[in-house]
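One structure is given below, encoded as structure tokens.
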Amino acid sequence: MSDQHSFETIAIHAGNTPDSLTGAVVPPIYQVSTYKQDGVGGLRGGYEYSRSANPTRSALEENLAALEGGRRGLAFASGLAAEDCLLRTLLAPGDHVVIPNDAYGGTFRLFAKVVSRWGVEWSVADTSDPAAVRAALRPRTKAIWVETPSNPLLGISDIVALAEVARGAGAKLVVDNTFASPYLQQPLALGADVVVHSTTKYMGGHSDVVGGALITADDTLGDELAYHQNAMGAISGPFDAWLVLRGVKTLAVRMDRHSENATRVAEMLERHPKVSKVYYPGLPDHPGHEIAAKQMKSFGGMVSFQVTGGEQAAIEVCGKAKVFTLGESLGGVESLIEHPGRMTHASAAGSPLEVPDDLIRLSVGIESGDDLLTDLQQALA
Ligand SMILES: *Cc1c(COP(=O)(O)O)cnc(C)c1O
């Protein structure tokens, strides 16, 4: 796919070259571990062993690179596997990373409980404030890690401004683009060095696969990441790669509807007497609204809110929703509701990333917007 095509066309065609053997318009699931060689070292299609490369995964990786406007895409078994590969590629003992004060709980756990054991240092900063990030830099800061919008408080960080901070410090800017997806936001074009995805979420889009990805426009870094992907081995299997490749084809239409429904939900919640605060970057009074409007196409499908009545009231609302299914994860066509303090962000309790106990997070799906509003109103009643 050439750069001249628009996102929707790239999403459907990049990596989806018709199969050379049969003309199948969808890449087959190459459920295979090894490949016949024509004499020692005589590889037919460049494939020798499926940890190193597999044609179905290659199709997805080519697609992911194109969607983010990068040169190299790599598909992993999960978002955290992708993060682990990135951290072990970029960092050595004694190096330091600035991490956000609001982030996916598992990302925080990876820094606090896993890589810290290998001598990697980290500190927390409010990444919505570039001055705070600059103040957190140390001589051995090798990466600035950002989620925008962030999980679960939907904070917005200015990617252009942080790319400048990172460049000045000789550090890499890593953007977890899971909440926005490349349809709404393209961090590499804004100056980021690496994009991280949990493809489990909007990219897959149907709550039927766990996967992760790294994308970069830097060839040297791309080679190093690919080396580590093979050396460490947490690759996406062919069937999972195929599911993500399939999901991505409808990303644009899904994201449009997610954003439309989430805007209606956020506006309704803002007026609701039992809701004390709504977090949605599409609302004009959100502190990051202007930056979000500048760097995103629309504001996405995630909405968080606090209820009056404390933790017990929040837990009750989660239990009373019917169209919104009570469960972790996000980004699927079906709406989900959850209590971050007890569920997705339980591992951040007692840390600077702890979330309010009366907070509810919604992944607003693509069902009828009317049905979603009615369901939340009865759950709050
Ligand atoms: C889910 C998620 C991850 C982790 O991805 P897995 O696929 O669950 O390993 C990382 N970042 C964000 C923002 C997420 O929502």
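Residue names in the structure tokens use chain letters A, B, ... in the order shown, residue numbers from 1 in each chain, and ligand numbers from 1 in the order shown.
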Inset, instruction - May I have the residues within 8 Å of ligand 1, computed using only C-alpha atoms and all ligand atoms, as JSON, numbers by chain? - result: {"A": [77, 78, 79, 80, 81, 82, 83, 103, 104, 106, 107, 147, 150, 151, 176, 177, 178, 179, 196, 197, 198, 199, 200, 201, 210, 211, 212, 329, 330]}
Inset, instruction - Considering only C-alpha atoms, return as JSON, numbers by chain whatever protein or nucleic-acid residues lie within 7 Å of Pro55 (chain A), sequence-local ones (same chain, fewer than 3 positions apart) excluded. - result: {"A": [30, 58, 59]}
Inset, instruction - Measuring atom to atom with only C-alpha atoms, identify which of A:Glu121, A:Glu338, A:Asp193, A:Glu62 is nearest to Ala171 (chain A). - result: A:Asp193
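Neighbouring residues of Val209 (chain A) at 7 Å or closer, counting only C-alpha atoms and skipping chain neighbours under 5 positions away, are Thr200, Gly204, Asp240 and Leu243 of chain A.
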Inset, instruction - Apply DSSP to the structure's backbone, then extract all residues of region 14-219 of chain A labelled strand (DSSP E) and return them as a PyMOL selection string. - result: chain A and resi 72-76+96-100+121-125+141-147+172-176+194-198+212-216
Inset, instruction - Using only C-alpha atoms, pick whichever of A:His258, A:Leu359, A:Val278, A:Leu91 has the shortest atom-to-atom distance to Gln312 (chain A). - result: A:Leu359
Inset, instruction - Identify, on the basis of only C-alpha atoms, every residue whose closest approach to Ala292 (chain A) does not exceed 7 Å; exclude the query and any residue fewer than 3 positions from it along the same chain; express the result as a PyMOL selection string. - result: chain A and resi 156+281+288-289+295-296
Residues as selected, all heavy atoms, written as a PDB file, in the first residue's frame, can you do that?
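Saved as selection35.pdb:
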ATOM      1  N   ILE A 156      -4.636  13.391  29.021  1.00  0.00           N
ATOM      2  CA  ILE A 156      -4.070  13.614  27.692  1.00  0.00           C
ATOM      3  C   ILE A 156      -2.662  14.186  27.833  1.00  0.00           C
ATOM      4  O   ILE A 156      -2.428  15.119  28.605  1.00  0.00           O
ATOM      5  CB  ILE A 156      -4.950  14.608  26.893  1.00  0.00           C
ATOM      6  CG1 ILE A 156      -6.357  14.037  26.687  1.00  0.00           C
ATOM      7  CG2 ILE A 156      -4.296  14.973  25.558  1.00  0.00           C
ATOM      8  CD1 ILE A 156      -6.430  12.785  25.807  1.00  0.00           C
ATOM      9  N   PRO A 281     -12.036  12.985  27.194  1.00  0.00           N
ATOM     10  CA  PRO A 281     -11.315  14.095  26.561  1.00  0.00           C
ATOM     11  C   PRO A 281     -12.140  14.881  25.546  1.00  0.00           C
ATOM     12  O   PRO A 281     -11.765  15.980  25.152  1.00  0.00           O
ATOM     13  CB  PRO A 281     -10.113  13.415  25.886  1.00  0.00           C
ATOM     14  CG  PRO A 281     -10.401  11.953  25.882  1.00  0.00           C
ATOM     15  CD  PRO A 281     -11.397  11.683  26.966  1.00  0.00           C
ATOM     16  N   GLY A 288      -7.395  18.324  29.090  1.00  0.00           N
ATOM     17  CA  GLY A 288      -6.594  18.006  27.899  1.00  0.00           C
ATOM     18  C   GLY A 288      -7.369  18.132  26.595  1.00  0.00           C
ATOM     19  O   GLY A 288      -6.888  17.704  25.539  1.00  0.00           O
ATOM     20  N   HIS A 289      -8.561  18.741  26.676  1.00  0.00           N
ATOM     21  CA  HIS A 289      -9.441  18.748  25.501  1.00  0.00           C
ATOM     22  C   HIS A 289      -8.777  19.359  24.260  1.00  0.00           C
ATOM     23  O   HIS A 289      -8.849  18.796  23.167  1.00  0.00           O
ATOM     24  CB  HIS A 289     -10.740  19.479  25.819  1.00  0.00           C
ATOM     25  CG  HIS A 289     -11.667  19.594  24.648  1.00  0.00           C
ATOM     26  ND1 HIS A 289     -12.293  18.495  24.088  1.00  0.00           N
ATOM     27  CD2 HIS A 289     -12.034  20.660  23.890  1.00  0.00           C
ATOM     28  CE1 HIS A 289     -13.027  18.891  23.056  1.00  0.00           C
ATOM     29  NE2 HIS A 289     -12.887  20.195  22.906  1.00  0.00           N
ATOM     30  N   GLN A 295      -4.399  16.453  18.423  1.00  0.00           N
ATOM     31  CA  GLN A 295      -3.634  15.254  18.042  1.00  0.00           C
ATOM     32  C   GLN A 295      -4.495  14.009  17.785  1.00  0.00           C
ATOM     33  O   GLN A 295      -3.967  12.993  17.356  1.00  0.00           O
ATOM     34  CB  GLN A 295      -2.521  14.959  19.068  1.00  0.00           C
ATOM     35  CG  GLN A 295      -2.992  14.508  20.426  1.00  0.00           C
ATOM     36  CD  GLN A 295      -1.865  14.441  21.458  1.00  0.00           C
ATOM     37  OE1 GLN A 295      -0.787  14.999  21.267  1.00  0.00           O
ATOM     38  NE2 GLN A 295      -2.099  13.751  22.555  1.00  0.00           N
ATOM     39  N   MET A 296      -5.789  14.107  18.031  1.00  0.00           N
ATOM     40  CA  MET A 296      -6.678  12.969  17.773  1.00  0.00           C
ATOM     41  C   MET A 296      -7.771  13.367  16.774  1.00  0.00           C
ATOM     42  O   MET A 296      -8.223  14.498  16.764  1.00  0.00           O
ATOM     43  CB  MET A 296      -7.360  12.513  19.080  1.00  0.00           C
ATOM     44  CG  MET A 296      -6.408  12.039  20.154  1.00  0.00           C
ATOM     45  SD  MET A 296      -7.280  11.639  21.703  1.00  0.00           S
ATOM     46  CE  MET A 296      -8.033  10.049  21.289  1.00  0.00           C
TER      47      MET A 296
END
Inset, instruction - Could you check how far CA of Gly94 (chain A) sits from CA of Arg140 (chain A), in Å to one decimal? - result: 7.3 Å
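Proximity to Lys249 (chain A) was assessed for A:Gln229, A:Gln185, A:Asn16, A:Ser33 counting only C-alpha atoms; the smallest distance is recorded for A:Asn16.
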Quick one: residues within 9 Å of Leu90 (chain A), only C-alpha atoms, excluding same-chain residues fewer than 6 positions away - as a CSV table (one decimal) with N, CA, C and O atoms, in the first residue's frame?
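Writing the result to part_38.csv gives the following:
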chain,number,residue,atom,x,y,z
A,142,LYS,N,16.5,6.8,29.7
A,142,LYS,CA,16.6,6.3,28.3
A,142,LYS,C,15.2,6.3,27.7
A,142,LYS,O,15.1,6.1,26.4
A,143,ALA,N,14.2,6.4,28.4
A,143,ALA,CA,12.8,6.4,27.8
A,143,ALA,C,11.8,7.2,28.6
A,143,ALA,O,11.9,7.3,29.9
A,172,LYS,N,14.2,7.9,24.4
A,172,LYS,CA,13.1,7.5,23.4
A,172,LYS,C,11.8,7.8,24.0
A,172,LYS,O,11.5,7.6,25.2
A,221,LEU,N,16.4,0.7,15.3
A,221,LEU,CA,15.6,0.2,16.5
A,221,LEU,C,14.7,-0.9,16.1
A,221,LEU,O,14.6,-1.9,16.8
A,224,GLU,N,16.8,-4.0,16.1
A,224,GLU,CA,17.1,-4.5,17.5
A,224,GLU,C,15.8,-5.1,18.1
A,224,GLU,O,15.9,-6.1,18.8
A,225,LEU,N,14.7,-4.5,17.9
A,225,LEU,CA,13.4,-5.1,18.4
A,225,LEU,C,13.2,-6.5,17.8
A,225,LEU,O,12.8,-7.4,18.5
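These are the residues of region 116-208 of chain A assigned helix (DSSP H, G or I) by DSSP from backbone coordinates: A:Ser116, A:Arg117, A:Trp118, A:Pro130, A:Ala131, A:Ala132, A:Val133, A:Arg134, A:Ala135, A:Ala136, A:Ile159, A:Val160, A:Ala161, A:Leu162, A:Ala163, A:Glu164, A:Val165, A:Ala166, A:Arg167, A:Gly168, A:Ala169, A:Ser181, A:Pro182, A:Tyr183, A:Leu184, A:Pro187, A:Leu188, A:Ala189, A:Leu190.
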Legend entry - Spatial neighbours of Trp122 (chain A), max dist 8 Å, only C-alpha atoms, sep filter under 2 positions, as a count of residues only: 9
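Atom to atom, CA of Ala231 (chain A) and CA of Ile215 (chain A) stand 17.8 Å apart.
Distances here use only C-alpha atoms; by that measure, the residue among A:Ala169, A:Ala234, A:Ala135, A:Ile291 closest to Gly155 (chain A) is A:Ile291.
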